[in-house]
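Dropping entry_18.txt in here (compact mmCIF, C-alpha atoms and all ligand atoms):
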```
# COMPACT_ATOMS: atom_id res chain seq x y z
CA MET S 961 19.07 6.63 -13.70
CA TRP S 962 17.54 10.04 -13.53
CA LYS S 963 17.37 11.51 -17.01
CA ILE S 964 16.24 14.78 -18.51
CA GLY S 965 12.78 14.22 -19.85
CA MET S 966 11.91 11.72 -17.20
CA SER S 967 10.04 14.30 -15.20
CA GLU S 968 7.74 14.90 -18.10
CA GLU S 969 7.14 11.19 -18.41
CA ILE S 970 6.20 10.85 -14.76
CA GLY S 971 3.84 13.79 -15.02
CA LYS S 972 2.07 12.26 -17.99
CA ALA S 973 1.93 8.77 -16.56
CA LEU S 974 0.63 10.10 -13.25
CA GLN S 975 -2.05 12.17 -14.94
CA ALA S 976 -3.15 9.16 -16.97
CA VAL S 977 -3.49 7.06 -13.81
CA VAL S 978 -5.37 9.85 -12.00
CA ASP S 979 -7.80 10.02 -14.94
CA ARG S 980 -8.25 6.26 -14.99
CA VAL S 981 -8.94 6.29 -11.22
CA LYS S 982 -11.66 8.90 -11.75
CA GLN S 983 -13.22 7.04 -14.65
CA ALA S 984 -13.25 3.77 -12.75
CA ALA S 985 -14.79 5.56 -9.76
CA ALA S 986 -17.56 6.88 -12.00
CA ARG S 987 -18.37 3.34 -13.13
CA ARG S 988 -19.03 2.14 -9.58
CA PRO S 989 -22.53 1.26 -8.46
CA GLN S 990 -24.47 4.16 -6.97
CA MET S 991 -23.98 3.05 -3.37
CA LEU S 992 -20.21 3.36 -3.67
CA GLN S 993 -20.18 6.71 -5.41
CA ASN S 994 -19.51 9.06 -2.53
CA VAL S 995 -15.93 8.18 -1.63
CA THR S 996 -13.15 9.27 -3.91
CA PRO S 997 -10.54 6.51 -4.04
CA ARG S 998 -7.11 7.48 -2.81
CA LEU S 999 -4.20 6.89 -5.16
CA VAL S 1000 -1.01 5.78 -3.44
CA ALA S 1001 1.98 6.19 -5.76
CA VAL S 1002 4.36 3.34 -4.97
CA SER S 1003 7.88 4.72 -5.34
CA LYS S 1004 9.93 1.72 -4.17
CA THR S 1005 13.31 1.40 -5.93
CA LYS S 1006 12.76 4.85 -7.46
CA LEU S 1007 14.79 7.97 -6.77
CA PRO S 1008 13.70 10.74 -4.39
CA GLU S 1009 13.74 13.11 -7.38
CA MET S 1010 10.93 11.09 -8.89
CA VAL S 1011 8.91 11.46 -5.72
CA VAL S 1012 9.46 15.21 -5.80
CA GLU S 1013 8.39 15.31 -9.44
CA ALA S 1014 5.16 13.43 -8.78
CA TYR S 1015 4.51 15.63 -5.74
CA GLN S 1016 4.91 18.73 -7.87
CA GLN S 1017 2.31 17.28 -10.22
CA GLY S 1018 -0.11 17.16 -7.30
CA GLN S 1019 0.41 13.66 -5.91
CA ARG S 1020 0.39 13.51 -2.09
CA ASN S 1021 0.18 9.85 -1.04
CA PHE S 1022 3.24 7.66 -1.60
CA GLY S 1023 3.95 4.06 -0.66
CA GLU S 1024 7.13 2.17 0.17
CA ASN S 1025 7.58 -1.44 1.22
CA TYR S 1026 11.07 -1.50 2.74
CA VAL S 1027 11.62 0.27 6.03
CA ASN S 1028 15.19 1.38 5.28
CA GLU S 1029 14.27 2.73 1.89
CA LEU S 1030 11.33 4.61 3.36
CA VAL S 1031 13.52 6.07 6.10
CA ASP S 1032 16.06 7.28 3.52
CA LYS S 1033 13.56 8.65 1.04
CA SER S 1034 11.35 10.38 3.59
CA SER S 1035 14.33 12.13 5.15
CA ASN S 1036 15.94 13.09 1.86
CA PRO S 1037 16.58 16.88 2.09
CA GLN S 1038 14.79 17.61 -1.19
CA VAL S 1039 11.78 15.55 -0.22
CA LEU S 1040 11.69 17.23 3.19
CA SER S 1041 11.90 20.75 1.86
CA LEU S 1042 9.86 20.43 -1.34
CA CYS S 1043 7.14 18.01 -0.20
CA PRO S 1044 5.86 19.35 3.13
CA GLU S 1045 2.42 17.71 2.76
CA ILE S 1046 3.60 14.32 1.64
CA LYS S 1047 1.79 11.31 3.14
CA TRP S 1048 3.84 8.14 3.42
CA HIS S 1049 2.15 4.75 3.49
CA PHE S 1050 4.10 1.74 4.63
CA ILE S 1051 2.95 -1.23 2.54
CA GLY S 1052 5.61 -3.88 3.16
CA HIS S 1053 6.10 -6.63 5.67
CA LEU S 1054 6.97 -5.14 9.04
CA GLN S 1055 9.45 -6.95 11.25
CA LYS S 1056 9.39 -6.19 14.95
CA LYS S 1057 13.00 -5.05 14.97
CA ASN S 1058 12.13 -2.30 12.46
CA ILE S 1059 9.12 -0.81 14.21
CA ASN S 1060 10.90 2.05 15.94
CA LYS S 1061 12.74 2.97 12.77
CA LEU S 1062 9.49 3.03 10.83
CA LEU S 1063 7.63 5.08 13.40
CA GLY S 1064 10.33 7.75 13.23
CA VAL S 1065 9.61 8.42 9.55
CA PRO S 1066 8.68 12.07 9.02
CA ASN S 1067 5.17 12.42 7.58
CA LEU S 1068 4.30 8.78 8.14
CA PHE S 1069 0.59 8.69 7.31
CA MET S 1070 -0.46 5.08 7.51
CA VAL S 1071 0.85 1.58 8.13
CA GLU S 1072 -1.18 -0.72 5.87
CA THR S 1073 0.34 -4.01 6.90
CA ILE S 1074 -0.51 -4.89 10.49
CA ASP S 1075 -1.02 -8.65 10.34
CA SER S 1076 -1.12 -9.92 13.91
CA VAL S 1077 -2.26 -8.96 17.37
CA LYS S 1078 1.35 -9.14 18.52
CA LEU S 1079 2.52 -6.71 15.90
CA ALA S 1080 -0.39 -4.38 16.68
CA ASP S 1081 0.57 -4.44 20.36
CA LYS S 1082 4.19 -3.61 19.63
CA VAL S 1083 3.36 -0.80 17.21
CA ASN S 1084 0.84 0.56 19.69
CA GLY S 1085 3.41 0.56 22.48
CA SER S 1086 6.12 2.14 20.36
CA TRP S 1087 3.82 4.86 19.06
CA GLN S 1088 2.81 5.70 22.64
CA ARG S 1089 6.46 6.00 23.68
CA LEU S 1090 7.78 7.81 20.61
CA ARG S 1091 4.94 10.18 19.96
CA ALA S 1092 3.80 10.79 23.49
CA ALA S 1093 3.63 14.53 22.95
CA ASN S 1094 1.62 14.09 19.80
CA SER S 1095 -1.87 12.94 20.61
CA GLN S 1096 -2.65 11.83 17.04
CA ARG S 1097 -3.33 8.14 16.73
CA LEU S 1098 -1.45 6.22 14.06
CA LYS S 1099 -3.63 5.12 11.14
CA ILE S 1100 -3.30 1.43 10.44
CA MET S 1101 -4.83 -1.16 8.17
CA VAL S 1102 -4.96 -4.87 8.81
CA GLN S 1103 -3.45 -6.93 6.01
CA ILE S 1104 -5.35 -10.06 5.08
CA ASN S 1105 -3.85 -12.97 3.17
CA THR S 1106 -6.85 -13.45 0.90
CA SER S 1107 -5.15 -15.83 -1.52
CA GLY S 1108 -3.94 -18.19 1.18
CA GLU S 1109 -0.53 -18.47 -0.47
CA GLU S 1110 2.21 -19.34 1.99
CA SER S 1111 4.54 -16.83 0.43
CA LYS S 1112 2.18 -13.98 1.27
CA HIS S 1113 2.14 -12.15 4.54
CA GLY S 1114 -1.12 -11.22 6.13
CA LEU S 1115 -3.63 -12.48 8.59
CA ALA S 1116 -5.72 -15.57 7.88
CA PRO S 1117 -9.11 -14.20 6.74
CA GLU S 1118 -11.05 -15.93 9.52
CA GLU S 1119 -9.03 -14.02 12.13
CA THR S 1120 -10.14 -10.64 10.82
CA VAL S 1121 -12.93 -9.91 13.30
CA ASN S 1122 -11.02 -10.89 16.42
CA THR S 1123 -7.90 -9.04 15.40
CA VAL S 1124 -9.70 -5.83 14.57
CA LYS S 1125 -11.76 -6.13 17.74
CA TYR S 1126 -8.53 -6.42 19.72
CA ILE S 1127 -6.98 -3.40 18.01
CA ILE S 1128 -10.04 -1.24 18.57
CA SER S 1129 -10.41 -2.18 22.22
CA ARG S 1130 -6.80 -2.66 23.32
CA CYS S 1131 -4.59 -0.44 21.15
CA PRO S 1132 -5.57 3.14 22.01
CA ALA S 1133 -2.67 4.66 20.04
CA LEU S 1134 -3.81 3.01 16.82
CA HIS S 1135 -6.61 4.18 14.57
CA PHE S 1136 -8.02 1.24 12.64
CA VAL S 1137 -9.02 2.52 9.19
CA GLY S 1138 -9.40 -0.54 7.00
CA LEU S 1139 -8.38 -3.83 5.45
CA MET S 1140 -5.61 -4.37 2.93
CA THR S 1141 -4.74 -7.22 0.60
CA ILE S 1142 -2.23 -7.96 -2.15
CA GLY S 1143 -3.92 -11.00 -3.62
CA ARG S 1144 -2.58 -13.52 -6.10
CA HIS S 1145 -0.37 -12.26 -8.86
CA GLY S 1146 -1.51 -12.26 -12.46
CA TYR S 1147 -5.17 -13.14 -11.90
CA ASP S 1148 -6.97 -13.17 -15.24
CA LEU S 1149 -9.93 -10.79 -15.03
CA THR S 1150 -11.62 -12.38 -18.03
CA GLU S 1151 -12.44 -15.20 -15.61
CA GLY S 1152 -14.63 -12.89 -13.55
CA PRO S 1153 -14.22 -10.60 -10.53
CA ASN S 1154 -10.96 -11.10 -8.65
CA PRO S 1155 -11.77 -13.58 -5.84
CA ASP S 1156 -9.23 -11.96 -3.50
CA PHE S 1157 -11.03 -8.65 -3.72
CA GLN S 1158 -14.37 -10.41 -3.20
CA MET S 1159 -12.91 -12.10 -0.13
CA LEU S 1160 -11.83 -8.75 1.31
CA LEU S 1161 -15.31 -7.32 0.68
CA LYS S 1162 -16.85 -10.30 2.41
CA ARG S 1163 -14.58 -9.97 5.44
CA ARG S 1164 -15.45 -6.30 5.70
CA ARG S 1165 -19.18 -7.06 5.67
CA GLU S 1166 -18.68 -9.65 8.37
CA LEU S 1167 -16.49 -7.30 10.41
CA CYS S 1168 -18.96 -4.44 10.20
CA GLU S 1169 -21.85 -6.68 11.20
CA SER S 1170 -20.12 -8.18 14.19
CA LEU S 1171 -18.56 -4.98 15.51
CA GLN S 1172 -21.43 -2.69 14.51
CA LEU S 1173 -19.21 -0.49 12.38
CA PRO S 1174 -20.55 1.55 9.47
CA LEU S 1175 -19.20 0.15 6.16
CA GLU S 1176 -17.87 3.54 5.16
CA ASP S 1177 -15.63 3.60 8.23
CA VAL S 1178 -13.69 0.59 6.99
CA GLU S 1179 -11.56 1.30 3.95
CA LEU S 1180 -10.31 -1.28 1.49
CA SER S 1181 -6.76 -1.11 0.15
CA MET S 1182 -6.65 -3.31 -2.92
CA GLY S 1183 -5.59 -2.91 -6.56
CA MET S 1184 -2.16 -2.35 -8.13
CA SER S 1185 -0.91 -1.39 -11.61
CA THR S 1186 -2.58 -4.24 -13.46
CA ASP S 1187 -5.94 -4.23 -11.72
CA PHE S 1188 -6.60 -0.95 -9.93
CA GLU S 1189 -9.58 -0.06 -12.11
CA HIS S 1190 -11.30 -3.35 -11.43
CA ALA S 1191 -10.52 -2.95 -7.72
CA ILE S 1192 -12.13 0.49 -7.68
CA GLU S 1193 -15.18 -0.75 -9.57
CA VAL S 1194 -15.83 -3.31 -6.86
CA GLY S 1195 -15.22 -0.93 -3.96
CA SER S 1196 -11.52 -0.27 -3.31
CA THR S 1197 -10.95 3.06 -1.59
CA ASN S 1198 -7.14 2.97 -1.71
CA VAL S 1199 -5.16 1.73 -4.72
CA ARG S 1200 -1.38 1.24 -4.70
CA VAL S 1201 0.10 1.90 -8.11
CA GLY S 1202 3.83 1.77 -8.82
CA SER S 1203 5.17 0.77 -12.23
CA THR S 1204 2.36 2.37 -14.25
CA ILE S 1205 3.40 5.73 -12.79
CA PHE S 1206 7.15 5.43 -12.33
CA GLY S 1207 8.04 2.81 -14.95
CA GLU S 1208 9.20 -0.74 -14.53
CA ARG S 1209 11.48 -1.40 -11.61
CA ASP S 1210 14.90 -2.91 -11.92
CA TYR S 1211 16.33 -4.68 -8.95
CA PRO S 1212 20.05 -3.96 -8.65
CA ASN S 1213 20.64 -6.91 -6.35
CA THR S 1214 19.57 -9.55 -8.84
CA PRO S 1215 22.16 -12.31 -8.96
CA SER S 1216 24.38 -11.95 -12.03
CA PRO S 1217 25.66 -8.67 -13.49
CA GLU S 1218 24.94 -9.91 -17.04
CA LYS S 1219 21.25 -9.77 -16.13
CA LYS S 1220 21.29 -6.08 -16.85
CA SER S 1221 21.56 -6.55 -20.57
CA VAL S 1222 19.05 -9.35 -20.72
CA VAL S 1223 15.53 -8.34 -21.49
CA MET S 1224 13.31 -10.16 -19.05
CA THR S 1225 10.18 -11.89 -20.16
CA GLU S 1226 6.97 -10.61 -18.62
CA GLU S 1227 6.69 -13.81 -16.68
CA ALA S 1228 10.19 -13.60 -15.26
CA ALA S 1229 9.64 -9.99 -14.33
CA GLY S 1230 6.44 -10.97 -12.59
CA LYS S 1231 8.22 -13.62 -10.56
CA LEU S 1232 10.94 -11.26 -9.55
CA GLU S 1233 8.35 -8.75 -8.59
CA ARG S 1234 6.58 -11.24 -6.40
CA LEU S 1235 9.77 -12.02 -4.62
CA ALA S 1236 10.29 -8.37 -3.94
CA VAL S 1237 6.75 -7.91 -2.71
CA THR S 1238 6.59 -10.94 -0.48
CA GLU S 1239 10.08 -11.49 0.80
CA GLN S 1240 11.81 -9.24 3.15
C1 LIG G 1 5.13 -2.84 -5.25
C2 LIG G 1 3.81 -2.86 -4.60
C3 LIG G 1 2.70 -2.27 -5.24
C4 LIG G 1 2.75 -1.62 -6.60
O1 LIG G 1 2.96 -2.53 -7.61
P1 LIG G 1 2.79 -2.16 -9.16
O2 LIG G 1 2.42 -3.44 -9.80
O3 LIG G 1 4.09 -1.62 -9.61
O4 LIG G 1 1.71 -1.15 -9.27
C5 LIG G 1 1.49 -2.31 -4.55
N1 LIG G 1 1.37 -2.88 -3.33
C6 LIG G 1 2.41 -3.45 -2.71
C7 LIG G 1 2.20 -4.04 -1.36
C8 LIG G 1 3.66 -3.45 -3.31
O5 LIG G 1 4.69 -4.01 -2.67
```

As structure tokens - that is how I would like this structure written.
Amino acid sequence: MWKIGMSEEIGKALQAVVDRVKQAAARRPQMLQNVTPRLVAVSKTKLPEMVVEAYQQGQRNFGENYVNELVDKSSNPQVLSLCPEIKWHFIGHLQKKNINKLLGVPNLFMVETIDSVKLADKVNGSWQRLRAANSQRLKIMVQINTSGEESKHGLAPEETVNTVKYIISRCPALHFVGLMTIGRHGYDLTEGPNPDFQMLLKRRRELCESLQLPLEDVELSMGMSTDFEHAIEVGSTNVRVGSTIFGERDYPNTPSPEKKSVVMTEEAAGKLERLAVTEQ
């Protein structure tokens, strides 16, 4: 529910995350210093008013992972009138039947979750048809399933080079800007650098070598609420942070109505979260 006082909370939480992004960026090795990481505020399940509030605090990039929710939020009259420079990132699993709906989103900035040549082809074709008058290419990232979990969407890591090669050479309406991963949930950083992030770095090196691309032309979207600082320290250029900015999410469609009064354990909340992230 939207409450008085909530706006102040979002402002503070957002500012704290922005500061932490800057501090993490300053801790990066010298060779990574020149790019400022982009903060994508993930507003899924949250009200349009909360998006407007964060926008008014200076936030411009927002992420959503359900097409219908993104369509509704991006065309909300308040969002449209008060957030003219908003940049929407689609970060969820994209089904073919939803492509046209997604591409109609006002201020769609980037689709981070292209995970097959087929999907790239379809998005390319739709963008050419729908935005024929607009010569701007659509920014896309290729999502890699770095953890190899069956429940995760994303391309098998070894297909990265061929898929990107295909997109660059055969999808003229798409602008390939980088690689994205979600990675396994709840990785314990005391055990060392997150192997999923290392895998994404490795695939980028390989990609840049085989296609002769400069490293700085291939962004990395990795890092969420629990690990965005670590992700930045190892080279993420795009972090997707939701609950640390907007508060924990509750999912209204959880099975029993009694659930509402039950305080979930961290672990249970994590599981639920994973379902929401991976299933669609
Ligand atoms: C929900 C979501 C996030 C943000 O998760 P938090 O843990 O709330 O920061 C990031 N990326 C994707 C793909 C998501 O679905």

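Note that the spacing between CA of Leu1040 (chain S) and CA of Pro1008 (chain S) amounts to 10.2 Å.
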
Margin query: I need the residue nearest ligand LIG 1 (chain G) from this list: S:Lys1078, S:Lys1061, S:Arg1097, S:His1113. Use all atoms listed in the file for the distance.
Written below: S:His1113

Notebook entry, point to check: What is the CA of Glu1151 (chain S) to CA of Ser1107 (chain S) distance in Å?
Noted result: 15.9 Å

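Here CA of Gly1207 (chain S) is placed at a distance of 23.0 Å from CA of Ser1035 (chain S).
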
Using 6 Å as the limit and counting all atoms listed in the file, can you tabulate each residue of chain S that touches ligand LIG 1 (chain G), with its shortest atom-to-atom distance in Å and the two atoms involved, as CSV?
```
residue,atom,partner,partner_atom,distance
S:Val1002,CA,G:LIG1,C4,5.5
S:Asn1025,CA,G:LIG1,O5,5.5
S:Ile1051,CA,G:LIG1,C7,4.9
S:Gly1052,CA,G:LIG1,C7,5.7
S:Ile1142,CA,G:LIG1,C7,6.0
S:Met1184,CA,G:LIG1,O4,4.2
S:Ser1185,CA,G:LIG1,O4,3.5
S:Arg1200,CA,G:LIG1,C5,4.6
S:Val1201,CA,G:LIG1,O4,3.6
S:Gly1202,CA,G:LIG1,O3,3.5
S:Ser1203,CA,G:LIG1,O3,3.7
S:Val1237,CA,G:LIG1,O5,4.4
```

Note to self: Env of Leu974 (chain S): 9 Å cut, atoms = only C-alpha atoms, seq-sep filter 6 positions within chain, self excluded. Answer as a PyMOL selection string.
What the structure shows: chain S and resi 1001+1014+1017+1019+1204-1206

Check: Which neighbours of region 1120-1122 of chain S fall inside 10 Å, counting only C-alpha atoms, when residues of the same chain fewer than 5 positions from it are skipped, and could you give them as a PyMOL selection string?
Finding: chain S and resi 1075-1077+1102-1104+1115+1127-1128+1139+1160+1163-1164+1166-1171

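Minimum atom-to-atom distances from S:Asn1028, S:Asn1058, S:Gln990, S:Gln1016 to Glu1045 (chain S) were compared using all atoms listed in the file, and the lowest value belongs to S:Gln1016.
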
Item checked: Long-range neighbours of Gln1038 (chain S) as a PyMOL selection string, 8 Å cut-off, only C-alpha atoms, 5 positions minimum in chain -> chain S and resi 1008-1009+1012+1043

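Distances here use only C-alpha atoms; by that measure, the residue among S:Met991, S:Val1027, S:Val1039, S:Leu1068 closest to Leu1054 (chain S) is S:Val1027.
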
Check: Quick one: residues within 10 Å of Val1000 (chain S), all atoms listed in the file counted, chain neighbours fewer than 3 positions away excluded, as an MDAnalysis selection string?
Finding: chainID S and resid 997 1003 1019:1024 1047:1049 1181 1184 1198:1202

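Compared by their closest atoms to Pro1174 (chain S), and using only C-alpha atoms, the residues S:Asn1060, S:Gly1138, S:Ile1192, S:Leu1149 rank with S:Gly1138 nearest.
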
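Across S:Phe1157, S:Tyr1026, S:Tyr1015, S:Phe1136, the tightest approach to Glu1179 (chain S) is made by S:Phe1136 when counting all atoms listed in the file.
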
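In terms of minimum interatomic distance to Gly1085 (chain S), S:Arg1130 ranks closest within S:Arg1130, S:Arg1144, S:Lys1099, S:His1053, counting all atoms listed in the file.
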
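Within the 10 Å cut-off around Thr996 (chain S), using all atoms listed in the file and omitting residues fewer than 6 positions from it on the same chain, the listed residues are Val981, Lys982, Ala985, Ala986, Ile1192, Ser1196, Thr1197 and Asn1198 of chain S.
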